[in-house]
file protein-v9.cif (mmCIF, C-alpha atoms, pLDDT in the B column; chains and numbers go by the auth columns)
data_input
#
loop_
_atom_site.group_PDB
_atom_site.id
_atom_site.type_symbol
_atom_site.label_atom_id
_atom_site.label_comp_id
_atom_site.label_asym_id
_atom_site.label_seq_id
_atom_site.Cartn_x
_atom_site.Cartn_y
_atom_site.Cartn_z
_atom_site.B_iso_or_equiv
_atom_site.auth_seq_id
_atom_site.auth_asym_id
ATOM 1 C CA GLY A 1 0.000 0.000 0.000 82.00 486 A
ATOM 2 C CA ASN A 2 0.896 3.654 0.074 88.00 487 A
ATOM 3 C CA SER A 3 3.157 5.048 2.755 92.00 488 A
ATOM 4 C CA VAL A 4 5.047 8.227 3.602 95.00 489 A
ATOM 5 C CA THR A 5 8.201 8.389 5.701 96.00 490 A
ATOM 6 C CA GLN A 6 9.519 11.654 7.040 95.00 491 A
ATOM 7 C CA MET A 7 12.158 12.575 9.533 87.00 492 A
ATOM 8 C CA GLU A 8 10.782 12.840 13.015 84.00 493 A
ATOM 9 C CA GLY A 9 11.632 15.641 15.309 83.00 494 A
ATOM 10 C CA PRO A 10 11.780 17.737 17.041 94.00 495 A
ATOM 11 C CA VAL A 11 14.127 19.591 14.734 95.00 496 A
ATOM 12 C CA THR A 12 15.624 22.650 16.399 96.00 497 A
ATOM 13 C CA LEU A 13 17.337 25.362 14.360 96.00 498 A
ATOM 14 C CA SER A 14 18.475 28.898 14.868 97.00 499 A
ATOM 15 C CA GLU A 15 16.810 31.745 13.020 97.00 500 A
ATOM 16 C CA GLU A 16 18.147 32.251 9.460 96.00 501 A
ATOM 17 C CA ALA A 17 19.435 28.674 9.271 97.00 502 A
ATOM 18 C CA PHE A 18 18.849 26.473 6.226 97.00 503 A
ATOM 19 C CA LEU A 19 16.073 23.926 6.602 97.00 504 A
ATOM 20 C CA THR A 20 15.617 20.511 5.059 97.00 505 A
ATOM 21 C CA ILE A 21 12.907 18.092 6.138 97.00 506 A
ATOM 22 C CA ASN A 22 13.225 14.771 4.359 97.00 507 A
ATOM 23 C CA CYS A 23 10.208 12.945 2.956 97.00 508 A
ATOM 24 C CA THR A 24 10.149 9.723 0.951 97.00 509 A
ATOM 25 C CA TYR A 25 7.152 7.788 -0.250 96.00 510 A
ATOM 26 C CA THR A 26 6.003 4.399 -1.477 94.00 511 A
ATOM 27 C CA ALA A 27 3.199 4.303 -4.006 91.00 512 A
ATOM 28 C CA THR A 28 2.318 2.850 -7.364 83.00 513 A
ATOM 29 C CA GLY A 29 1.900 5.056 -10.377 81.00 514 A
ATOM 30 C CA TYR A 30 2.253 8.801 -10.112 85.00 515 A
ATOM 31 C CA PRO A 31 0.865 10.115 -6.835 91.00 516 A
ATOM 32 C CA SER A 32 0.369 13.783 -6.042 92.00 517 A
ATOM 33 C CA LEU A 33 2.536 15.037 -3.189 95.00 518 A
ATOM 34 C CA PHE A 34 1.799 17.644 -0.540 96.00 519 A
ATOM 35 C CA TRP A 35 3.280 19.424 2.422 97.00 520 A
ATOM 36 C CA TYR A 36 0.848 20.561 5.101 97.00 521 A
ATOM 37 C CA VAL A 37 1.682 22.738 8.100 96.00 522 A
ATOM 38 C CA GLN A 38 0.041 22.953 11.504 93.00 523 A
ATOM 39 C CA TYR A 39 0.949 26.091 13.453 93.00 524 A
ATOM 40 C CA PRO A 40 0.476 26.059 17.233 88.00 525 A
ATOM 41 C CA GLY A 41 -3.202 26.229 18.092 84.00 526 A
ATOM 42 C CA GLU A 42 -4.290 26.302 14.448 86.00 527 A
ATOM 43 C CA GLY A 43 -5.726 23.886 11.931 86.00 528 A
ATOM 44 C CA LEU A 44 -3.952 22.036 9.155 92.00 529 A
ATOM 45 C CA GLN A 45 -3.056 24.201 6.150 93.00 530 A
ATOM 46 C CA LEU A 46 -1.736 23.297 2.742 94.00 531 A
ATOM 47 C CA LEU A 47 1.783 24.670 2.327 97.00 532 A
ATOM 48 C CA LEU A 48 2.651 23.457 -1.167 96.00 533 A
ATOM 49 C CA LYS A 49 2.029 20.664 -3.621 95.00 534 A
ATOM 50 C CA ALA A 50 3.345 18.952 -6.759 94.00 535 A
ATOM 51 C CA THR A 51 1.317 16.743 -9.012 90.00 536 A
ATOM 52 C CA LYS A 52 3.868 15.247 -11.399 90.00 537 A
ATOM 53 C CA ALA A 53 7.515 14.287 -11.548 92.00 538 A
ATOM 54 C CA ASP A 54 10.032 17.166 -11.556 95.00 539 A
ATOM 55 C CA ASP A 55 7.370 19.672 -10.507 95.00 540 A
ATOM 56 C CA LYS A 56 8.490 22.143 -7.859 97.00 541 A
ATOM 57 C CA GLY A 57 5.975 23.397 -5.328 96.00 542 A
ATOM 58 C CA SER A 58 6.721 26.642 -3.521 97.00 543 A
ATOM 59 C CA ASN A 59 5.076 28.939 -0.999 97.00 544 A
ATOM 60 C CA LYS A 60 6.207 31.337 1.759 95.00 545 A
ATOM 61 C CA GLY A 61 9.870 30.708 0.882 97.00 546 A
ATOM 62 C CA PHE A 62 9.479 26.934 1.173 98.00 547 A
ATOM 63 C CA GLU A 63 10.192 24.658 -1.789 98.00 548 A
ATOM 64 C CA ALA A 64 9.926 20.957 -2.557 98.00 549 A
ATOM 65 C CA THR A 65 10.668 19.095 -5.793 98.00 550 A
ATOM 66 C CA TYR A 66 8.893 15.896 -6.819 97.00 551 A
ATOM 67 C CA ARG A 67 11.698 13.387 -7.501 96.00 552 A
ATOM 68 C CA LYS A 68 10.312 10.175 -8.894 93.00 553 A
ATOM 69 C CA GLU A 69 13.714 8.531 -9.318 94.00 554 A
ATOM 70 C CA THR A 70 14.360 8.796 -5.587 95.00 555 A
ATOM 71 C CA THR A 71 10.659 8.777 -4.551 95.00 556 A
ATOM 72 C CA SER A 72 11.275 11.890 -2.500 97.00 557 A
ATOM 73 C CA PHE A 73 9.679 15.281 -1.809 98.00 558 A
ATOM 74 C CA HIS A 74 12.047 17.026 0.588 98.00 559 A
ATOM 75 C CA LEU A 75 10.986 20.378 2.046 98.00 560 A
ATOM 76 C CA GLU A 76 13.563 23.183 2.022 98.00 561 A
ATOM 77 C CA LYS A 77 13.819 26.801 3.072 98.00 562 A
ATOM 78 C CA GLY A 78 16.871 28.962 2.776 96.00 563 A
ATOM 79 C CA SER A 79 16.418 31.079 5.901 96.00 564 A
ATOM 80 C CA VAL A 80 13.934 30.086 8.573 97.00 565 A
ATOM 81 C CA GLN A 81 12.155 32.448 10.938 97.00 566 A
ATOM 82 C CA VAL A 82 10.762 31.978 14.421 97.00 567 A
ATOM 83 C CA SER A 83 7.285 32.149 12.868 96.00 568 A
ATOM 84 C CA ASP A 84 8.036 28.942 10.923 97.00 569 A
ATOM 85 C CA SER A 85 7.873 26.947 14.142 97.00 570 A
ATOM 86 C CA ALA A 86 5.163 24.370 13.513 96.00 571 A
ATOM 87 C CA VAL A 87 4.520 20.726 12.718 94.00 572 A
ATOM 88 C CA TYR A 88 5.041 19.820 9.057 96.00 573 A
ATOM 89 C CA PHE A 89 3.345 16.846 7.426 96.00 574 A
ATOM 90 C CA CYS A 90 4.276 15.247 4.133 97.00 575 A
ATOM 91 C CA ALA A 91 1.375 13.531 2.375 96.00 576 A
ATOM 92 C CA LEU A 92 0.459 11.784 -0.851 94.00 577 A
ATOM 93 C CA ARG A 93 -2.646 11.048 -2.821 90.00 578 A
ATOM 94 C CA ARG A 94 -2.501 8.141 -5.177 78.00 579 A
ATOM 95 C CA SER A 95 -2.811 8.900 -8.864 68.00 580 A
ATOM 96 C CA GLY A 96 -6.229 9.324 -10.417 61.00 581 A
ATOM 97 C CA GLY A 97 -7.583 12.673 -9.346 56.00 582 A
ATOM 98 C CA GLY A 98 -9.217 13.978 -6.230 56.00 583 A
ATOM 99 C CA ALA A 99 -11.326 10.989 -5.309 69.00 584 A
ATOM 100 C CA ASP A 100 -8.914 9.532 -2.782 83.00 585 A
ATOM 101 C CA GLY A 101 -7.990 10.580 0.705 89.00 586 A
ATOM 102 C CA LEU A 102 -4.452 11.408 1.735 93.00 587 A
ATOM 103 C CA THR A 103 -1.773 9.249 3.299 93.00 588 A
ATOM 104 C CA PHE A 104 0.266 11.259 5.793 95.00 589 A
ATOM 105 C CA GLY A 105 3.704 10.945 7.284 95.00 590 A
ATOM 106 C CA LYS A 106 4.092 11.140 11.040 92.00 591 A
ATOM 107 C CA GLY A 107 4.911 14.838 11.063 94.00 592 A
ATOM 108 C CA THR A 108 8.054 16.790 11.907 95.00 593 A
ATOM 109 C CA HIS A 109 7.983 19.264 14.768 95.00 594 A
ATOM 110 C CA LEU A 110 10.161 22.252 13.832 96.00 595 A
ATOM 111 C CA ILE A 111 11.385 24.655 16.504 97.00 596 A
ATOM 112 C CA ILE A 112 13.149 27.845 15.459 97.00 597 A
ATOM 113 C CA GLN A 113 15.072 29.675 18.148 96.00 598 A
ATOM 114 C CA PRO A 114 15.818 33.422 17.951 94.00 599 A
ATOM 115 C CA SER B 1 -10.321 28.029 -0.425 71.00 494 B
ATOM 116 C CA ALA B 2 -13.380 27.249 1.710 81.00 495 B
ATOM 117 C CA VAL B 3 -14.720 27.925 5.169 89.00 496 B
ATOM 118 C CA ILE B 4 -15.156 24.609 6.948 93.00 497 B
ATOM 119 C CA SER B 5 -16.821 24.549 10.338 95.00 498 B
ATOM 120 C CA GLN B 6 -17.023 21.669 12.769 96.00 499 B
ATOM 121 C CA LYS B 7 -19.227 21.236 15.806 97.00 500 B
ATOM 122 C CA PRO B 8 -18.459 20.700 18.580 97.00 501 B
ATOM 123 C CA SER B 9 -14.930 22.077 18.709 95.00 502 B
ATOM 124 C CA ARG B 10 -14.192 19.908 21.717 96.00 503 B
ATOM 125 C CA ASP B 11 -15.940 17.579 24.125 97.00 504 B
ATOM 126 C CA ILE B 12 -15.326 15.370 27.113 97.00 505 B
ATOM 127 C CA CYS B 13 -17.363 12.182 27.097 97.00 506 B
ATOM 128 C CA GLN B 14 -17.859 9.117 29.238 97.00 507 B
ATOM 129 C CA ARG B 15 -16.934 5.689 27.946 97.00 508 B
ATOM 130 C CA GLY B 16 -19.795 3.770 26.400 97.00 509 B
ATOM 131 C CA THR B 17 -21.523 6.885 25.070 97.00 510 B
ATOM 132 C CA SER B 18 -21.641 8.235 21.501 97.00 511 B
ATOM 133 C CA LEU B 19 -20.814 11.626 20.009 98.00 512 B
ATOM 134 C CA THR B 20 -21.877 13.049 16.664 98.00 513 B
ATOM 135 C CA ILE B 21 -19.573 15.560 14.973 98.00 514 B
ATOM 136 C CA GLN B 22 -20.898 17.886 12.289 98.00 515 B
ATOM 137 C CA CYS B 23 -19.015 19.326 9.331 97.00 516 B
ATOM 138 C CA GLN B 24 -20.425 22.204 7.261 97.00 517 B
ATOM 139 C CA VAL B 25 -18.776 23.795 4.217 94.00 518 B
ATOM 140 C CA ASP B 26 -19.631 27.111 2.576 92.00 519 B
ATOM 141 C CA SER B 27 -18.541 26.184 -0.956 85.00 520 B
ATOM 142 C CA GLN B 28 -19.398 23.708 -3.663 82.00 521 B
ATOM 143 C CA VAL B 29 -17.741 20.492 -2.580 88.00 522 B
ATOM 144 C CA THR B 30 -16.870 17.373 -4.541 86.00 523 B
ATOM 145 C CA MET B 31 -15.364 15.025 -1.956 89.00 524 B
ATOM 146 C CA MET B 32 -15.629 14.919 1.842 93.00 525 B
ATOM 147 C CA PHE B 33 -13.382 12.882 4.100 95.00 526 B
ATOM 148 C CA TRP B 34 -13.028 12.188 7.799 97.00 527 B
ATOM 149 C CA TYR B 35 -9.631 11.772 9.481 97.00 528 B
ATOM 150 C CA ARG B 36 -8.427 10.989 12.980 96.00 529 B
ATOM 151 C CA GLN B 37 -5.314 12.411 14.627 93.00 530 B
ATOM 152 C CA GLN B 38 -4.465 10.536 17.788 91.00 531 B
ATOM 153 C CA PRO B 39 -2.326 12.314 20.406 85.00 532 B
ATOM 154 C CA GLY B 40 1.181 12.882 19.079 81.00 533 B
ATOM 155 C CA GLN B 41 0.409 10.943 15.906 84.00 534 B
ATOM 156 C CA SER B 42 -0.217 11.649 12.271 88.00 535 B
ATOM 157 C CA LEU B 43 -3.555 11.859 10.501 93.00 536 B
ATOM 158 C CA THR B 44 -5.280 8.648 9.490 95.00 537 B
ATOM 159 C CA LEU B 45 -8.096 8.508 6.968 95.00 538 B
ATOM 160 C CA ILE B 46 -11.264 6.999 8.451 96.00 539 B
ATOM 161 C CA ALA B 47 -13.602 7.128 5.479 95.00 540 B
ATOM 162 C CA THR B 48 -14.872 8.968 2.442 94.00 541 B
ATOM 163 C CA ALA B 49 -18.350 10.414 2.970 95.00 542 B
ATOM 164 C CA ASN B 50 -20.506 9.752 -0.079 89.00 543 B
ATOM 165 C CA GLN B 51 -23.586 11.838 -0.757 89.00 544 B
ATOM 166 C CA GLY B 52 -26.744 9.807 -0.439 85.00 545 B
ATOM 167 C CA SER B 53 -25.027 6.463 -0.009 87.00 546 B
ATOM 168 C CA GLU B 54 -22.929 4.525 2.463 90.00 547 B
ATOM 169 C CA ALA B 55 -19.491 5.858 3.272 93.00 548 B
ATOM 170 C CA THR B 56 -16.361 4.105 2.037 93.00 549 B
ATOM 171 C CA TYR B 57 -14.282 2.984 5.013 95.00 550 B
ATOM 172 C CA GLU B 58 -10.529 2.455 5.197 93.00 551 B
ATOM 173 C CA SER B 59 -9.032 -0.717 6.561 92.00 552 B
ATOM 174 C CA GLY B 60 -9.419 -0.855 10.324 94.00 553 B
ATOM 175 C CA PHE B 61 -12.537 1.323 10.473 96.00 554 B
ATOM 176 C CA VAL B 62 -16.093 -0.004 10.420 96.00 555 B
ATOM 177 C CA ILE B 63 -19.517 1.504 10.002 96.00 556 B
ATOM 178 C CA ASP B 64 -20.852 0.240 13.325 97.00 557 B
ATOM 179 C CA LYS B 65 -18.149 2.161 15.188 97.00 558 B
ATOM 180 C CA PHE B 66 -18.001 5.265 12.951 98.00 559 B
ATOM 181 C CA PRO B 67 -21.331 5.762 11.183 97.00 560 B
ATOM 182 C CA ILE B 68 -21.192 8.611 8.677 97.00 561 B
ATOM 183 C CA SER B 69 -23.920 10.496 6.891 95.00 562 B
ATOM 184 C CA ARG B 70 -23.782 12.996 4.045 94.00 563 B
ATOM 185 C CA PRO B 71 -27.298 14.108 3.187 93.00 564 B
ATOM 186 C CA ASN B 72 -26.173 16.862 0.804 91.00 565 B
ATOM 187 C CA LEU B 73 -23.095 18.252 -0.911 90.00 566 B
ATOM 188 C CA THR B 74 -21.952 20.564 1.892 93.00 567 B
ATOM 189 C CA PHE B 75 -22.800 18.741 5.146 95.00 568 B
ATOM 190 C CA SER B 76 -21.649 15.541 6.812 96.00 569 B
ATOM 191 C CA THR B 77 -21.690 13.943 10.246 97.00 570 B
ATOM 192 C CA LEU B 78 -19.384 11.432 11.884 98.00 571 B
ATOM 193 C CA THR B 79 -20.536 9.529 14.964 98.00 572 B
ATOM 194 C CA VAL B 80 -18.070 7.923 17.315 98.00 573 B
ATOM 195 C CA SER B 81 -20.039 5.085 18.905 98.00 574 B
ATOM 196 C CA ASN B 82 -19.619 3.231 22.189 97.00 575 B
ATOM 197 C CA MET B 83 -16.558 5.283 22.997 97.00 576 B
ATOM 198 C CA SER B 84 -13.509 4.114 24.904 97.00 577 B
ATOM 199 C CA PRO B 85 -10.448 6.108 26.043 96.00 578 B
ATOM 200 C CA GLU B 86 -8.629 4.884 22.903 95.00 579 B
ATOM 201 C CA ASP B 87 -11.035 7.027 20.854 96.00 580 B
ATOM 202 C CA SER B 88 -9.576 10.199 22.375 96.00 581 B
ATOM 203 C CA SER B 89 -8.346 12.041 19.300 96.00 582 B
ATOM 204 C CA ILE B 90 -8.841 15.039 17.100 96.00 583 B
ATOM 205 C CA TYR B 91 -11.370 14.294 14.369 97.00 584 B
ATOM 206 C CA LEU B 92 -11.035 16.333 11.190 97.00 585 B
ATOM 207 C CA CYS B 93 -13.300 16.895 8.250 96.00 586 B
ATOM 208 C CA SER B 94 -11.640 17.494 4.890 95.00 587 B
ATOM 209 C CA VAL B 95 -13.015 18.494 1.502 93.00 588 B
ATOM 210 C CA THR B 96 -12.029 19.002 -2.089 90.00 589 B
ATOM 211 C CA LEU B 97 -13.686 21.807 -4.006 85.00 590 B
ATOM 212 C CA GLN B 98 -15.112 21.826 -7.482 76.00 591 B
ATOM 213 C CA VAL B 99 -12.647 24.524 -8.490 70.00 592 B
ATOM 214 C CA HIS B 100 -9.559 22.975 -6.834 69.00 593 B
ATOM 215 C CA GLN B 101 -10.056 19.252 -6.961 72.00 594 B
ATOM 216 C CA GLU B 102 -6.369 18.482 -6.460 78.00 595 B
ATOM 217 C CA THR B 103 -6.255 20.035 -3.004 84.00 596 B
ATOM 218 C CA GLN B 104 -7.826 18.933 0.276 90.00 597 B
ATOM 219 C CA TYR B 105 -8.858 21.599 2.763 92.00 598 B
ATOM 220 C CA PHE B 106 -9.207 20.753 6.430 94.00 599 B
ATOM 221 C CA GLY B 107 -11.624 21.879 9.079 94.00 600 B
ATOM 222 C CA PRO B 108 -10.454 23.073 12.496 93.00 601 B
ATOM 223 C CA GLY B 109 -11.048 19.664 14.068 95.00 602 B
ATOM 224 C CA THR B 110 -13.027 18.328 17.011 97.00 603 B
ATOM 225 C CA ARG B 111 -10.941 17.476 20.054 96.00 604 B
ATOM 226 C CA LEU B 112 -12.456 14.519 21.877 97.00 605 B
ATOM 227 C CA LEU B 113 -11.448 13.226 25.285 97.00 606 B
ATOM 228 C CA VAL B 114 -13.040 10.004 26.530 97.00 607 B
ATOM 229 C CA LEU B 115 -12.850 9.278 30.238 96.00 608 B
#
call {"tool": "encode", "arguments": {"input": "protein-v9.cif", "output": "structure tokens"}}
result
Amino acid sequence: GNSVTQMEGPVTLSEEAFLTINCTYTATGYPSLFWYVQYPGEGLQLLLKATKADDKGSNKGFEATYRKETTSFHLEKGSVQVSDSAVYFCALRRSGGGADGLTFGKGTHLIIQP
Amino acid sequence: SAVISQKPSRDICQRGTSLTIQCQVDSQVTMMFWYRQQPGQSLTLIATANQGSEATYESGFVIDKFPISRPNLTFSTLTVSNMSPEDSSIYLCSVTLQVHQETQYFGPGTRLLVL
């Protein structure tokens, strides 16, 4: 079946540091890939997405590239801020459109220190 | 995006009782889903709520424990039946919209504690 593996935290960085959160997946075909973010006390929000191989999703300075050859969708940001402290979830939806629910990774708790 | 509301936002219940959670959306919706997020864990898909027919359940979830209704395009309910402390979780409603069918939007969640 489908699965998503992401590095577990907490990950603690200093402000302005470079961020990478690793995410790899197992799925047949060509799934769509997503990063969701959950800020403290808030609901789950879509951060970025990519729907086919070599696509790059980007938002709020975050980027992730859909790498089919390595089945990966790593999240990166060049300079993190304290406000980026949150839990980040990598997720996939199997190929075939919007009819299927998402499979989530376990989440990575990111802590940015001033 | 869409405005998704859930009621109640939180509840404390006694074991053996049932709770019904409502999800209401303000936009034209194609798909509706229910997820569970157990304490410190990731989100797990419970079922897809189908309009006017029985929900489609994921492995490990059954209709007798989690009955779901979806009487129209923008409203659904999830009931957690005969609750035990292991049912303590956040329950989330999620939708895809007619205009953005690739993306799932999540409600604020219902935080349930079973004593």
call {"tool": "resolve_selection", "arguments": {"input": "protein-v9.cif", "expression": "the PyMOL selection byres ((chain B) within 7 of (chain A))", "output": "PyMOL selection string"}}
result
chain B and resi 524+526+534-536+538+594-595+599-601
call {"tool": "residues_around", "arguments": {"input": "protein-v9.cif", "residues": "Asn575 in chain B", "least_positions_apart": "5", "cutoff": "10 Å", "atoms": "all atoms listed in the file", "output": "list in words"}}
result
Gln507, Arg508, Gly509, Thr510, Ser511, Leu512, Asp557, Lys558, Phe559 and Asp580 of chain B
call {"tool": "atom_distance", "arguments": {"input": "protein-v9.cif", "atom1": "CA of Leu606 in chain B", "atom2": "CA of Glu551 in chain B"}}
result
22.8 Å
call {"tool": "resolve_selection", "arguments": {"input": "protein-v9.cif", "expression": "the PyMOL selection byres ((chain A and resi 498-502) around 8)", "output": "number ranges by chain"}}
result
A: 496-497, 503-504, 563-567, 595-599
call {"tool": "residues_around", "arguments": {"input": "protein-v9.cif", "residues": "Pro525 in chain A", "least_positions_apart": "4", "cutoff": "10 Å", "atoms": "only C-alpha atoms", "output": "list in words"}}
result
Ser570, Ala571 and Val572 of chain A
call {"tool": "closest_residue", "arguments": {"input": "protein-v9.cif", "among": "B:Val522, B:Val555, B:Cys516, B:Ile505", "to": "Ser574 in chain B", "atoms": "only C-alpha atoms"}}
result
B:Val555
